[in-house]
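Q: Below is a structure I'd like to ask you about.
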2 protein chains.
Amino acid sequence: MKLEKLVGERFKERPADCTADSHALMVRGGYMKYVANGIYSSYMPLKRITRKIEQILREEMDKIDGQEVQFPVVMPASLWNESGRYESIGKELVRFEDRNESPLVLGMTHEEAAVQLVRDYAQSYNKYPFMIYQIQTKFRDEARPKTGLIRVREFTMKDAYSFHTSQKDLEEYYNKCHKAYERIFARAGIPQVISVASDSGMMGGSISHEFMLLTDIGEDSIAICPECDYRANMEAAESIIEYKRTSESEELKLVSTPNQHTIEEVCTFLNADPLNSCKAVVYQRNSDDKYIVIFLRGDLEINETKVKNYLGFDIHPATITEDCGLNAGFIGPVNLKGDFIVLYDNSIKGVNNLVCGANVTDYHYTGLDMDRDVPNAEFHDFAKIQEGGICPRCGKHTITISRGIEVGNIFQLGTKYTKSMNMTYLDAEGNLQYPIMGCYGIGVGRLAAAICEVCHDDYGPIWPKAIAPYQIHLCAVRSDNPEVKAYADKLYEDLLAKGIEVIYDDRNVSAGIMFADADLLGVPVRVIVSPRNIAQGVVEIKARDKSFALNVEMKDALEKIIELA
Amino acid sequence: MKLEKLVGERFKERPADCTADSHALMVRGGYMKYVANGIYSSYMPLKRITRKIEQILREEMDKIDGQEVQFPVVMPASLWNESGRYESIGKELVRFEDRNESPLVLGMTHEEAAVQLVRDYAQSYNKYPFMIYQIQTKFRDEARPKTGLIRVREFTMKDAYSFHTSQKDLEEYYNKCHKAYERIFARAGIPQVISVASDSGMMGGSISHEFMLLTDIGEDSIAICPECDYRANMEAAESIIEYKRTSESEELKLVSTPNQHTIEEVCTFLNADPLNSCKAVVYQRNSDDKYIVIFLRGDLEINETKVKNYLGFDIHPATITEDCGLNAGFIGPVNLKGDFIVLYDNSIKGVNNLVCGANVTDYHYTGLDMDRDVPNAEFHDFAKIQEGGICPRCGKHTITISRGIEVGNIFQLGTKYTKSMNMTYLDAEGNLQYPIMGCYGIGVGRLAAAICEVCHDDYGPIWPKAIAPYQIHLCAVRSDNPEVKAYADKLYEDLLAKGIEVIYDDRNVSAGIMFADADLLGVPVRVIVSPRNIAQGVVEIKARDKSFALNVEMKDALEKIIELA
């Protein structure tokens, strides 16, 4: 391919709306083009990268006995009604009607389609286990698409679904898939990806892992214990708080706290440590806006996912109206009156001598004793794990919090979908059973962007060999020089004849422009033919990652380039 | 792959709802599964076939300098508003809104997306020509999906878009693409595909060709002249009618034709030849239901596409109400009163002594002379070409009508999209110009089904080598026999080691069941290991298309199979 004819614009200025380097470089390098919020077209360099990633995915899925199939992008709502997700999923699921007013959805995940494809087929135990996968376009109507290809609305995903007759068999396969994922990320050039325990969210099931590429622009927070190697998504990490009861309980005492609304303000005003305070966080149930009040220690933050999982329904941060019965800024567990769902975090279990709201404007209590004053409270884990917090595995105060991009996930789904969609098989004894499922996803575009995020310099991506759009970037500097042109043309043809993927820049432009474009394309090996090199009888061969720079005699160049490609 | 674990059901009974053999066999053979009207999932055998087809498409598009890109499935309505097609296309275009009530569409074709991708890039003449293509899922909300994968709503398509600075350059590229299409169909095993002149329909532009696979279940009718090789879709074929004026014109005479409604009834009643009659066909404009009355010779049929193209808007067959001013069954060109659009077909131009409706219930005229009685009529071509009709090229009465499946199309689009979407470039003289476009489509699933339609017997598909799901179907008949099992297992491993794609049936089932399944999978070469063969020291190797059947000595089997694969 000649660079001159490569469709796509390359330019120097960082686009204003790009927060992530990968996004900026992939726009600047002519990889992608904005079409609508969270929707992009891909130019050829990106398409070549994603096709190589897809091939790696395919090979590794085939190695673990996966069968490539294809589900539809557009599905009937009836299929999603079977699983109950037509109702339970929010606006991320695009719902629309066809010309006959039949309700349809756009696939954002394909558990339902997978069950529908195999439930007539797999009615006997001897058909199990099996795994089917596809690489297909999906659409999820994200509220806030961002960071280029990392959080989009339309995306290509490899999604796999396995079916088993026992939990043990699922677990064995799950581990096999875990290893396949490690191979995939290693082959794609990011062996540093780690797997972390995760929350299963809307997918259902219990055990699940996310594969995280640690980088500051990541959307996820990951709790890591360097002592015992505990790793979990913050959403899933248990928050353990040491018991803080002091020997003597003070009296519960109403104190005036005029205009002190936040727990920080109140603690400062009362000269109290936030560790000795109890604050309230309020949500509302999505379906009917019923209020949910959660009490926790003043210095901690709520983990919304834990609250949702405990409640089993969707919630949103509350809008506290004047007549709702809640006294914003002064909410406390004593004398709280109204039809609210009230939850208590483990962090205040059994604790005494706390500052808390008095449910009266401009008043707080001091001396709250949870055991004495809120005797019937039940406590659960609703708080976020914190930097320096207690490791749930080894118990040391060693937790660190890192940011990461989720580049893959694996879920043990259990029988959630097979039961709801009535998929059964006869076991060896002739009894009807529900198969046990696992599911396994990797987003193709997100993976490409994540790789770019950790493999780039100021000038462009540094693509790992296995996924680079081309193997060799050939530059004919001063192509108006007949010797340069003739030699470079021949080298280009020779490399093509050897099956090497070459992008050839024979434009009559300055070396600066040429090299800037080459940096943006990020091809691992650059070959430079120039009048000066020719005068010395050599060709320059340079690694994009600066790991080598050679001058090779012209007669040996072809062989050396093939060796390095 | 072991057949035992191949996901998908295979069965003997022809499904009741399958009109096409390809549809029945692809359901019976575990290739596809119904999800909703015109929406299917694919099992692995079909996915393997379509991936091989996609690879052929990719290679041939790359050979003519195509650059593989990817457009979104979901596009903003604004893009389709630019071209005007958001309004002009009917219900085939799925329109819906996202969570922010922004209007979106599902891509059924991607001219708009192609222009959007390149219009910032290609602003100078020296960027031209170029071609971009994608292989991507599309959705078209067909009113009547049918014939399995031949007319679906969701489909995968290779669509290509070329951009040029002159009509000559477009034509050269168009011819190059025509040749690439011939290579594609030949490589996919159906070299008999013919190209025919076609109607450009909603795509715009003038010259276009469809690639047709002739078969009785085809939805299209193709006019072919065996004398001069003229070929055209019936929708596009000019209907030529010989001038039938007789020397003397009779008087226009009102005759009673009680209860004679159709032109056939009237002609029989009046003992007139339908060739000497003028009938009316009535449509209504989609936008406001205004009536359109078309007069043509009694024995001919209307070509609705020609009427639409002439009028420039969409129409539908009329509902004739009592008060509309039209007298159903008695409509004629004389004394027709009302606000109608009235059109006249070439077939009645200058003709005299015709029977026609009198616009009065139970009355017709005889002796109609178009020149005398309808002096201001303008005549155009609105009729369908007929079997035995006049060839528009060589003028002989040689036209034959065949049915065909459209397996590809190519269009010269001109500047329809670049003008409407304001894509311009500066030519060498510094003048702003609109680029000229071509577009080129092939539906992947439809191609697979069309191939099956012409490559099958009663027992299953007979896949051409280049697209078969596997190269070798290995049957271990009586796999409970240790010798059979050991030899077949080894052969399977040896073939896999040589990179041969093998489906291996080592189930302990009867040879009948085994061969029936093999017929349904349609793999070109079948290898049979059985106790009887082993006793004779041979392996049977048979072609699915019955072109050969060999007994090969066991020691030579591997080599021979590889040779035949």
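Residues in the structure tokens are named by chain (A, B, ... in the order shown) and by number from 1 within that chain; ligands are numbered from 1 in the order shown.
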Working over all C-alpha atoms in order, superimpose chain A onto chain B by least squares and state the RMSD in Å.
A: 0.1 Å
Q: List the spatial neighbours of A:Tyr344 as a PDB file with N, CA and C atoms, in the first residue's frame - criterion: any atom at most 12 Å away, only C-alpha atoms, same-chain residues fewer than 3 positions off excluded.
A:
ATOM      1  N   CYS A 278     -21.444   9.571  61.955  1.00  0.00           N
ATOM      2  CA  CYS A 278     -22.305   8.684  61.155  1.00  0.00           C
ATOM      3  C   CYS A 278     -23.030   9.564  60.156  1.00  0.00           C
ATOM      4  N   LYS A 279     -22.741   9.349  58.854  1.00  0.00           N
ATOM      5  CA  LYS A 279     -23.402  10.207  57.861  1.00  0.00           C
ATOM      6  C   LYS A 279     -24.458   9.414  57.098  1.00  0.00           C
ATOM      7  N   ALA A 280     -25.332  10.148  56.427  1.00  0.00           N
ATOM      8  CA  ALA A 280     -26.397   9.511  55.642  1.00  0.00           C
ATOM      9  C   ALA A 280     -26.164   9.787  54.165  1.00  0.00           C
ATOM     10  N   VAL A 281     -26.385   8.770  53.324  1.00  0.00           N
ATOM     11  CA  VAL A 281     -26.374   8.952  51.873  1.00  0.00           C
ATOM     12  C   VAL A 281     -27.725   8.460  51.373  1.00  0.00           C
ATOM     13  N   VAL A 282     -28.346   9.253  50.492  1.00  0.00           N
ATOM     14  CA  VAL A 282     -29.722   8.941  50.105  1.00  0.00           C
ATOM     15  C   VAL A 282     -29.829   8.645  48.608  1.00  0.00           C
ATOM     16  N   ILE A 292     -34.152   5.653  49.759  1.00  0.00           N
ATOM     17  CA  ILE A 292     -33.306   4.664  50.429  1.00  0.00           C
ATOM     18  C   ILE A 292     -32.228   5.451  51.183  1.00  0.00           C
ATOM     19  N   VAL A 293     -32.221   5.327  52.515  1.00  0.00           N
ATOM     20  CA  VAL A 293     -31.253   6.060  53.332  1.00  0.00           C
ATOM     21  C   VAL A 293     -30.215   5.067  53.852  1.00  0.00           C
ATOM     22  N   ILE A 294     -28.937   5.358  53.596  1.00  0.00           N
ATOM     23  CA  ILE A 294     -27.865   4.464  54.049  1.00  0.00           C
ATOM     24  C   ILE A 294     -26.978   5.246  55.014  1.00  0.00           C
ATOM     25  N   PHE A 295     -26.766   4.668  56.196  1.00  0.00           N
ATOM     26  CA  PHE A 295     -25.882   5.289  57.190  1.00  0.00           C
ATOM     27  C   PHE A 295     -24.538   4.588  57.182  1.00  0.00           C
ATOM     28  N   LEU A 296     -23.474   5.398  57.213  1.00  0.00           N
ATOM     29  CA  LEU A 296     -22.133   4.811  57.271  1.00  0.00           C
ATOM     30  C   LEU A 296     -21.184   5.787  57.961  1.00  0.00           C
ATOM     31  N   ARG A 297     -19.982   5.339  58.236  1.00  0.00           N
ATOM     32  CA  ARG A 297     -19.032   6.174  58.931  1.00  0.00           C
ATOM     33  C   ARG A 297     -18.696   7.400  58.091  1.00  0.00           C
ATOM     34  N   ILE A 302     -19.920   5.585  49.732  1.00  0.00           N
ATOM     35  CA  ILE A 302     -20.826   4.486  49.382  1.00  0.00           C
ATOM     36  C   ILE A 302     -20.364   3.801  48.093  1.00  0.00           C
ATOM     37  N   VAL A 307     -24.923  -1.567  47.046  1.00  0.00           N
ATOM     38  CA  VAL A 307     -26.293  -1.246  47.468  1.00  0.00           C
ATOM     39  C   VAL A 307     -27.293  -1.861  46.498  1.00  0.00           C
ATOM     40  N   TYR A 310     -27.488  -5.579  46.914  1.00  0.00           N
ATOM     41  CA  TYR A 310     -28.209  -5.966  48.127  1.00  0.00           C
ATOM     42  C   TYR A 310     -29.709  -5.798  47.927  1.00  0.00           C
ATOM     43  N   GLY A 332     -30.361  11.531  60.390  1.00  0.00           N
ATOM     44  CA  GLY A 332     -29.699  10.628  61.330  1.00  0.00           C
ATOM     45  C   GLY A 332     -30.568   9.421  61.607  1.00  0.00           C
ATOM     46  N   PRO A 333     -30.000   8.399  62.239  1.00  0.00           N
ATOM     47  CA  PRO A 333     -30.736   7.149  62.442  1.00  0.00           C
ATOM     48  C   PRO A 333     -31.757   7.201  63.595  1.00  0.00           C
ATOM     49  N   ILE A 341     -36.573   3.133  52.965  1.00  0.00           N
ATOM     50  CA  ILE A 341     -35.764   1.931  53.177  1.00  0.00           C
ATOM     51  C   ILE A 341     -34.490   2.407  53.870  1.00  0.00           C
ATOM     52  N   SER A 347     -19.512  -0.347  58.850  1.00  0.00           N
ATOM     53  CA  SER A 347     -18.548   0.558  59.488  1.00  0.00           C
ATOM     54  C   SER A 347     -19.068   1.192  60.773  1.00  0.00           C
ATOM     55  N   ILE A 348     -20.391   1.170  60.982  1.00  0.00           N
ATOM     56  CA  ILE A 348     -20.908   1.764  62.226  1.00  0.00           C
ATOM     57  C   ILE A 348     -21.508   0.702  63.146  1.00  0.00           C
ATOM     58  N   LYS A 349     -21.295  -0.550  62.820  1.00  0.00           N
ATOM     59  CA  LYS A 349     -21.835  -1.645  63.637  1.00  0.00           C
ATOM     60  C   LYS A 349     -21.217  -1.588  65.043  1.00  0.00           C
ATOM     61  N   GLY A 350     -22.074  -1.490  66.068  1.00  0.00           N
ATOM     62  CA  GLY A 350     -21.634  -1.543  67.458  1.00  0.00           C
ATOM     63  C   GLY A 350     -20.853  -0.331  67.929  1.00  0.00           C
ATOM     64  N   VAL A 351     -20.737   0.688  67.088  1.00  0.00           N
ATOM     65  CA  VAL A 351     -19.887   1.821  67.445  1.00  0.00           C
ATOM     66  C   VAL A 351     -20.670   2.798  68.335  1.00  0.00           C
ATOM     67  N   MET A 370     -24.808   2.996  68.608  1.00  0.00           N
ATOM     68  CA  MET A 370     -25.626   2.208  67.677  1.00  0.00           C
ATOM     69  C   MET A 370     -26.349   1.077  68.409  1.00  0.00           C
ATOM     70  N   VAL A 374     -29.989   2.462  68.261  1.00  0.00           N
ATOM     71  CA  VAL A 374     -30.612   1.874  67.047  1.00  0.00           C
ATOM     72  C   VAL A 374     -30.559   0.357  67.217  1.00  0.00           C
ATOM     73  N   PRO A 375     -31.305  -0.157  68.179  1.00  0.00           N
ATOM     74  CA  PRO A 375     -31.090  -1.545  68.611  1.00  0.00           C
ATOM     75  C   PRO A 375     -31.417  -2.593  67.543  1.00  0.00           C
ATOM     76  N   ASN A 376     -32.298  -2.281  66.623  1.00  0.00           N
ATOM     77  CA  ASN A 376     -32.693  -3.335  65.668  1.00  0.00           C
ATOM     78  C   ASN A 376     -31.986  -3.251  64.321  1.00  0.00           C
ATOM     79  N   ALA A 377     -30.993  -2.401  64.217  1.00  0.00           N
ATOM     80  CA  ALA A 377     -30.317  -2.221  62.923  1.00  0.00           C
ATOM     81  C   ALA A 377     -29.591  -3.496  62.494  1.00  0.00           C
ATOM     82  N   GLU A 378     -29.673  -3.766  61.184  1.00  0.00           N
ATOM     83  CA  GLU A 378     -28.841  -4.843  60.596  1.00  0.00           C
ATOM     84  C   GLU A 378     -27.759  -4.185  59.765  1.00  0.00           C
ATOM     85  N   PHE A 379     -26.589  -4.763  59.790  1.00  0.00           N
ATOM     86  CA  PHE A 379     -25.447  -4.122  59.135  1.00  0.00           C
ATOM     87  C   PHE A 379     -24.950  -4.978  57.971  1.00  0.00           C
ATOM     88  N   HIS A 380     -24.613  -4.289  56.882  1.00  0.00           N
ATOM     89  CA  HIS A 380     -24.064  -4.974  55.705  1.00  0.00           C
ATOM     90  C   HIS A 380     -22.935  -4.133  55.141  1.00  0.00           C
ATOM     91  N   ASP A 381     -22.292  -4.692  54.120  1.00  0.00           N
ATOM     92  CA  ASP A 381     -21.145  -4.003  53.517  1.00  0.00           C
ATOM     93  C   ASP A 381     -21.612  -3.135  52.354  1.00  0.00           C
ATOM     94  N   PHE A 382     -21.652  -1.837  52.559  1.00  0.00           N
ATOM     95  CA  PHE A 382     -22.072  -0.909  51.509  1.00  0.00           C
ATOM     96  C   PHE A 382     -20.991   0.119  51.168  1.00  0.00           C
ATOM     97  N   ALA A 383     -19.861   0.077  51.858  1.00  0.00           N
ATOM     98  CA  ALA A 383     -18.852   1.127  51.686  1.00  0.00           C
ATOM     99  C   ALA A 383     -17.793   0.717  50.662  1.00  0.00           C
TER     100      ALA A 383
END
Q: Do a neighbour search on stretch 456-467 of chain B at 7 Å with only C-alpha atoms, toss out local chain neighbours closer than 4 positions, and write the hits as a PyMOL selection string.
A: chain B and resi 25+49+52-53+187-189+452+519-524+544-545
Q: Please, could you write that set of residues out with C-alpha atoms as a JSON list (two decimals), in the first residue's frame?
A:
[["chain", "number", "residue", "atom", "x", "y", "z"],
["B", 25, "LEU", "CA", -31.38, -27.88, 3.42],
["B", 49, "ILE", "CA", -18.83, -20.85, 4.69],
["B", 52, "LYS", "CA", -14.54, -18.17, 3.32],
["B", 53, "ILE", "CA", -16.79, -16.11, 1.07],
["B", 187, "ARG", "CA", -13.96, -18.61, -7.24],
["B", 188, "ALA", "CA", -17.06, -19.22, -5.12],
["B", 189, "GLY", "CA", -18.10, -22.01, -7.49],
["B", 452, "CYS", "CA", -26.64, -23.92, -2.27],
["B", 519, "ASP", "CA", -24.79, -35.35, 2.82],
["B", 520, "LEU", "CA", -26.32, -32.49, 4.79],
["B", 521, "LEU", "CA", -22.93, -31.01, 5.56],
["B", 522, "GLY", "CA", -22.01, -31.23, 1.88],
["B", 523, "VAL", "CA", -18.25, -31.47, 2.34],
["B", 524, "PRO", "CA", -16.63, -32.08, -1.10],
["B", 544, "ARG", "CA", -19.87, -35.42, -2.66],
["B", 545, "ASP", "CA", -20.70, -34.48, -6.27]]
Q: Residues within 9 Å of A:Tyr43, please, as a list in words. Count only C-alpha atoms; anything in the same chain fewer than 3 positions from it doesn't count.
A: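 The residues that qualify are Leu6, Val7, Gly8, Gly30, Tyr31, Met32, Lys33, Leu46, Lys47 and Arg48 of chain A; Gln67, Glu68, Val69, Gln70, Phe71, Leu117 and Ile132 of chain B.
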Q: Using only N, CA and C atoms, please write the residues we just selected to a file, as a PDB file, in the first residue's frame.
A:
ATOM      1  N   LEU A   6      -3.451   6.245   0.967  1.00  0.00           N
ATOM      2  CA  LEU A   6      -4.115   5.747   2.175  1.00  0.00           C
ATOM      3  C   LEU A   6      -5.196   6.740   2.615  1.00  0.00           C
ATOM      4  N   VAL A   7      -6.428   6.308   2.583  1.00  0.00           N
ATOM      5  CA  VAL A   7      -7.535   7.203   2.912  1.00  0.00           C
ATOM      6  C   VAL A   7      -7.525   7.512   4.407  1.00  0.00           C
ATOM      7  N   GLY A   8      -7.618   8.777   4.742  1.00  0.00           N
ATOM      8  CA  GLY A   8      -7.636   9.203   6.137  1.00  0.00           C
ATOM      9  C   GLY A   8      -6.717  10.388   6.336  1.00  0.00           C
ATOM     10  N   GLY A  30      -5.459   9.141  11.625  1.00  0.00           N
ATOM     11  CA  GLY A  30      -6.340   8.634  10.566  1.00  0.00           C
ATOM     12  C   GLY A  30      -6.775   7.201  10.802  1.00  0.00           C
ATOM     13  N   TYR A  31      -7.067   6.877  12.052  1.00  0.00           N
ATOM     14  CA  TYR A  31      -7.559   5.540  12.370  1.00  0.00           C
ATOM     15  C   TYR A  31      -9.082   5.507  12.445  1.00  0.00           C
ATOM     16  N   MET A  32      -9.667   6.593  12.934  1.00  0.00           N
ATOM     17  CA  MET A  32     -11.100   6.575  13.221  1.00  0.00           C
ATOM     18  C   MET A  32     -11.707   7.931  12.941  1.00  0.00           C
ATOM     19  N   LYS A  33     -12.999   7.942  12.701  1.00  0.00           N
ATOM     20  CA  LYS A  33     -13.689   9.207  12.436  1.00  0.00           C
ATOM     21  C   LYS A  33     -15.003   9.234  13.204  1.00  0.00           C
ATOM     22  N   LEU A  46      -6.889   1.104  11.285  1.00  0.00           N
ATOM     23  CA  LEU A  46      -7.565   0.532  12.458  1.00  0.00           C
ATOM     24  C   LEU A  46      -8.246  -0.786  12.100  1.00  0.00           C
ATOM     25  N   LYS A  47      -8.835  -0.829  10.903  1.00  0.00           N
ATOM     26  CA  LYS A  47      -9.502  -2.060  10.486  1.00  0.00           C
ATOM     27  C   LYS A  47      -8.494  -3.211  10.425  1.00  0.00           C
ATOM     28  N   ARG A  48      -7.289  -2.913   9.965  1.00  0.00           N
ATOM     29  CA  ARG A  48      -6.251  -3.956   9.905  1.00  0.00           C
ATOM     30  C   ARG A  48      -5.863  -4.405  11.311  1.00  0.00           C
TER      31      ARG A  48
ATOM     32  N   GLN B  67      -9.692  -0.365  -0.068  1.00  0.00           N
ATOM     33  CA  GLN B  67      -9.203  -0.230   1.304  1.00  0.00           C
ATOM     34  C   GLN B  67     -10.329  -0.638   2.247  1.00  0.00           C
ATOM     35  N   GLU B  68     -10.079  -1.653   3.055  1.00  0.00           N
ATOM     36  CA  GLU B  68     -11.138  -2.107   3.950  1.00  0.00           C
ATOM     37  C   GLU B  68     -11.299  -1.143   5.121  1.00  0.00           C
ATOM     38  N   VAL B  69     -12.508  -0.684   5.310  1.00  0.00           N
ATOM     39  CA  VAL B  69     -12.831   0.238   6.400  1.00  0.00           C
ATOM     40  C   VAL B  69     -14.039  -0.328   7.139  1.00  0.00           C
ATOM     41  N   GLN B  70     -14.555   0.417   8.094  1.00  0.00           N
ATOM     42  CA  GLN B  70     -15.811  -0.011   8.707  1.00  0.00           C
ATOM     43  C   GLN B  70     -16.688   1.188   9.040  1.00  0.00           C
ATOM     44  N   PHE B  71     -17.918   1.106   8.593  1.00  0.00           N
ATOM     45  CA  PHE B  71     -18.903   2.130   8.915  1.00  0.00           C
ATOM     46  C   PHE B  71     -19.774   1.619  10.052  1.00  0.00           C
ATOM     47  N   LEU B 117     -17.107   9.699   5.697  1.00  0.00           N
ATOM     48  CA  LEU B 117     -15.764   9.243   6.092  1.00  0.00           C
ATOM     49  C   LEU B 117     -14.661   9.943   5.314  1.00  0.00           C
ATOM     50  N   ILE B 132     -13.149   2.465  -1.073  1.00  0.00           N
ATOM     51  CA  ILE B 132     -13.210   1.933   0.291  1.00  0.00           C
ATOM     52  C   ILE B 132     -14.338   0.912   0.345  1.00  0.00           C
TER      53      ILE B 132
END
Q: I'd like the neighbourhood of A:Asp17 as a list of chain:residue names, where a residue qualifies if any of its atoms comes within 10 Å (using only C-alpha atoms), though same-chain residues fewer than 3 positions away should be ignored.
A: A:Arg14, A:Ala20, A:His23, A:Ala24, A:Lys146, A:Thr147, A:Gly148
Q: Fewer than 6 positions away in the same chain doesn't count, so skip those; otherwise give me all residues within 8 Å of B:Val502, counting only C-alpha atoms, as an MDAnalysis selection string.
A: chainID B and resid 1 470:474 492 495:496
Q: What are the residues of chain A lining chain B at 8 Å or less? Count only C-alpha atoms, and put the answer as number ranges by chain.
A: A: 4-9, 33, 35-36, 39-44, 47-48, 67-76, 91-92, 94, 96-99, 116-118, 120-122, 127-128, 130, 137, 141, 143, 154
Q: Using only C-alpha atoms, can you tell me which of A:Leu491, A:Ala518, A:Ala16, A:Leu354 comes closest to A:Arg245?
A: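 Ranking A:Leu491, A:Ala518, A:Ala16, A:Leu354 by distance to A:Arg245, first place goes to A:Leu354.
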Q: List the neighbours of A:Pro435 out to 8 Å using only C-alpha atoms; skip same-chain residues closer than 2 positions along the sequence, and give me the result as a ChimeraX atom specification.
A: /A:163-166,414-415,418,423-425,433,437
Q: Output N, CA and C atoms of each residue in that selection to a file, as an mmCIF file, in the first residue's frame.
A:
data_model
loop_
_atom_site.group_PDB
_atom_site.id
_atom_site.type_symbol
_atom_site.label_atom_id
_atom_site.label_comp_id
_atom_site.auth_asym_id
_atom_site.auth_seq_id
_atom_site.Cartn_x
_atom_site.Cartn_y
_atom_site.Cartn_z
ATOM 1 N N PHE A 163 -21.669 -24.070 28.001
ATOM 2 C CA PHE A 163 -22.795 -24.778 28.618
ATOM 3 C C PHE A 163 -22.271 -26.075 29.242
ATOM 4 N N HIS A 164 -22.696 -26.337 30.469
ATOM 5 C CA HIS A 164 -22.132 -27.442 31.243
ATOM 6 C C HIS A 164 -23.215 -28.174 32.022
ATOM 7 N N THR A 165 -22.843 -29.400 32.427
ATOM 8 C CA THR A 165 -23.789 -30.191 33.230
ATOM 9 C C THR A 165 -23.408 -30.205 34.713
ATOM 10 N N SER A 166 -22.329 -29.564 35.086
ATOM 11 C CA SER A 166 -22.007 -29.472 36.517
ATOM 12 C C SER A 166 -21.202 -28.212 36.776
ATOM 13 N N GLY A 414 -24.129 -19.560 36.050
ATOM 14 C CA GLY A 414 -25.050 -20.502 36.689
ATOM 15 C C GLY A 414 -26.229 -20.802 35.771
ATOM 16 N N THR A 415 -27.418 -20.916 36.358
ATOM 17 C CA THR A 415 -28.596 -21.310 35.580
ATOM 18 C C THR A 415 -29.555 -20.139 35.351
ATOM 19 N N THR A 418 -30.688 -20.295 31.637
ATOM 20 C CA THR A 418 -31.299 -21.569 31.223
ATOM 21 C C THR A 418 -32.606 -21.793 31.981
ATOM 22 N N MET A 423 -34.393 -23.844 29.267
ATOM 23 C CA MET A 423 -33.517 -24.743 28.514
ATOM 24 C C MET A 423 -33.162 -25.909 29.432
ATOM 25 N N THR A 424 -33.490 -27.121 29.017
ATOM 26 C CA THR A 424 -33.242 -28.285 29.870
ATOM 27 C C THR A 424 -32.564 -29.395 29.069
ATOM 28 N N TYR A 425 -32.019 -30.348 29.814
ATOM 29 C CA TYR A 425 -31.487 -31.560 29.184
ATOM 30 C C TYR A 425 -31.789 -32.732 30.098
ATOM 31 N N GLN A 433 -32.687 -31.467 33.762
ATOM 32 C CA GLN A 433 -31.786 -30.556 34.473
ATOM 33 C C GLN A 433 -31.627 -29.264 33.679
ATOM 34 N N MET A 437 -24.183 -22.197 32.789
ATOM 35 C CA MET A 437 -23.526 -21.418 31.740
ATOM 36 C C MET A 437 -22.361 -20.578 32.262
#
Q: Please, which residues of stretch 50-227 of chain A, numbered as in this document, come out strand (DSSP E) from DSSP, as a ChimeraX atom specification?
A: /A:66-68,74-76,95-97,103-106,130-139,154-164,194-197,208-214,220-224
Q: Since we have the selection now, will you write its residues out, keeping C-alpha atoms, as a short mmCIF file (atom, residue, chain, number, x, y, z; two decimals), in the first residue's frame?
A:
data_model
loop_
_atom_site.label_atom_id
_atom_site.label_comp_id
_atom_site.auth_asym_id
_atom_site.auth_seq_id
_atom_site.Cartn_x
_atom_site.Cartn_y
_atom_site.Cartn_z
CA GLY A 66 -15.06 -22.88 20.78
CA GLN A 67 -17.39 -23.00 17.78
CA GLU A 68 -17.75 -19.74 15.91
CA VAL A 74 -31.42 -7.07 15.94
CA MET A 75 -33.46 -9.37 18.16
CA PRO A 76 -37.15 -9.68 18.98
CA ARG A 95 -35.84 -0.75 22.06
CA PHE A 96 -37.70 0.02 18.84
CA GLU A 97 -40.43 -1.31 16.60
CA PRO A 103 -40.89 -4.71 19.35
CA LEU A 104 -37.20 -5.30 18.68
CA VAL A 105 -33.95 -4.63 20.53
CA LEU A 106 -30.34 -4.06 19.50
CA PHE A 130 -19.74 -27.00 24.46
CA MET A 131 -18.85 -23.40 23.84
CA ILE A 132 -20.09 -21.11 21.08
CA TYR A 133 -18.75 -17.67 20.33
CA GLN A 134 -19.16 -14.86 17.86
CA ILE A 135 -17.35 -11.70 16.84
CA GLN A 136 -20.08 -9.22 16.09
CA THR A 137 -21.24 -5.62 16.32
CA LYS A 138 -23.11 -4.61 19.46
CA PHE A 139 -24.90 -1.45 20.50
CA GLU A 154 -21.43 0.78 18.96
CA PHE A 155 -18.63 -1.71 19.31
CA THR A 156 -17.36 -5.05 18.04
CA MET A 157 -17.08 -7.76 20.63
CA LYS A 158 -15.99 -11.34 20.90
CA ASP A 159 -18.58 -12.92 23.15
CA ALA A 160 -18.50 -16.60 24.09
CA TYR A 161 -21.03 -18.78 25.92
CA SER A 162 -20.28 -22.18 27.43
CA PHE A 163 -22.79 -24.78 28.62
CA HIS A 164 -22.13 -27.44 31.24
CA ILE A 194 -4.17 -8.66 35.41
CA SER A 195 -7.37 -10.44 36.31
CA VAL A 196 -9.40 -9.15 39.24
CA ALA A 197 -12.49 -10.41 41.02
CA SER A 208 -16.63 -13.33 37.72
CA HIS A 209 -13.34 -11.78 36.76
CA GLU A 210 -12.33 -8.73 34.84
CA PHE A 211 -9.07 -8.43 32.95
CA MET A 212 -7.59 -5.05 33.69
CA LEU A 213 -4.91 -3.05 31.98
CA LEU A 214 -3.62 -0.66 34.63
CA ASP A 220 -12.34 1.31 36.85
CA SER A 221 -10.75 1.40 40.29
CA ILE A 222 -9.00 -1.74 41.37
CA ALA A 223 -8.10 -2.69 44.91
CA ILE A 224 -4.78 -4.51 45.04
#
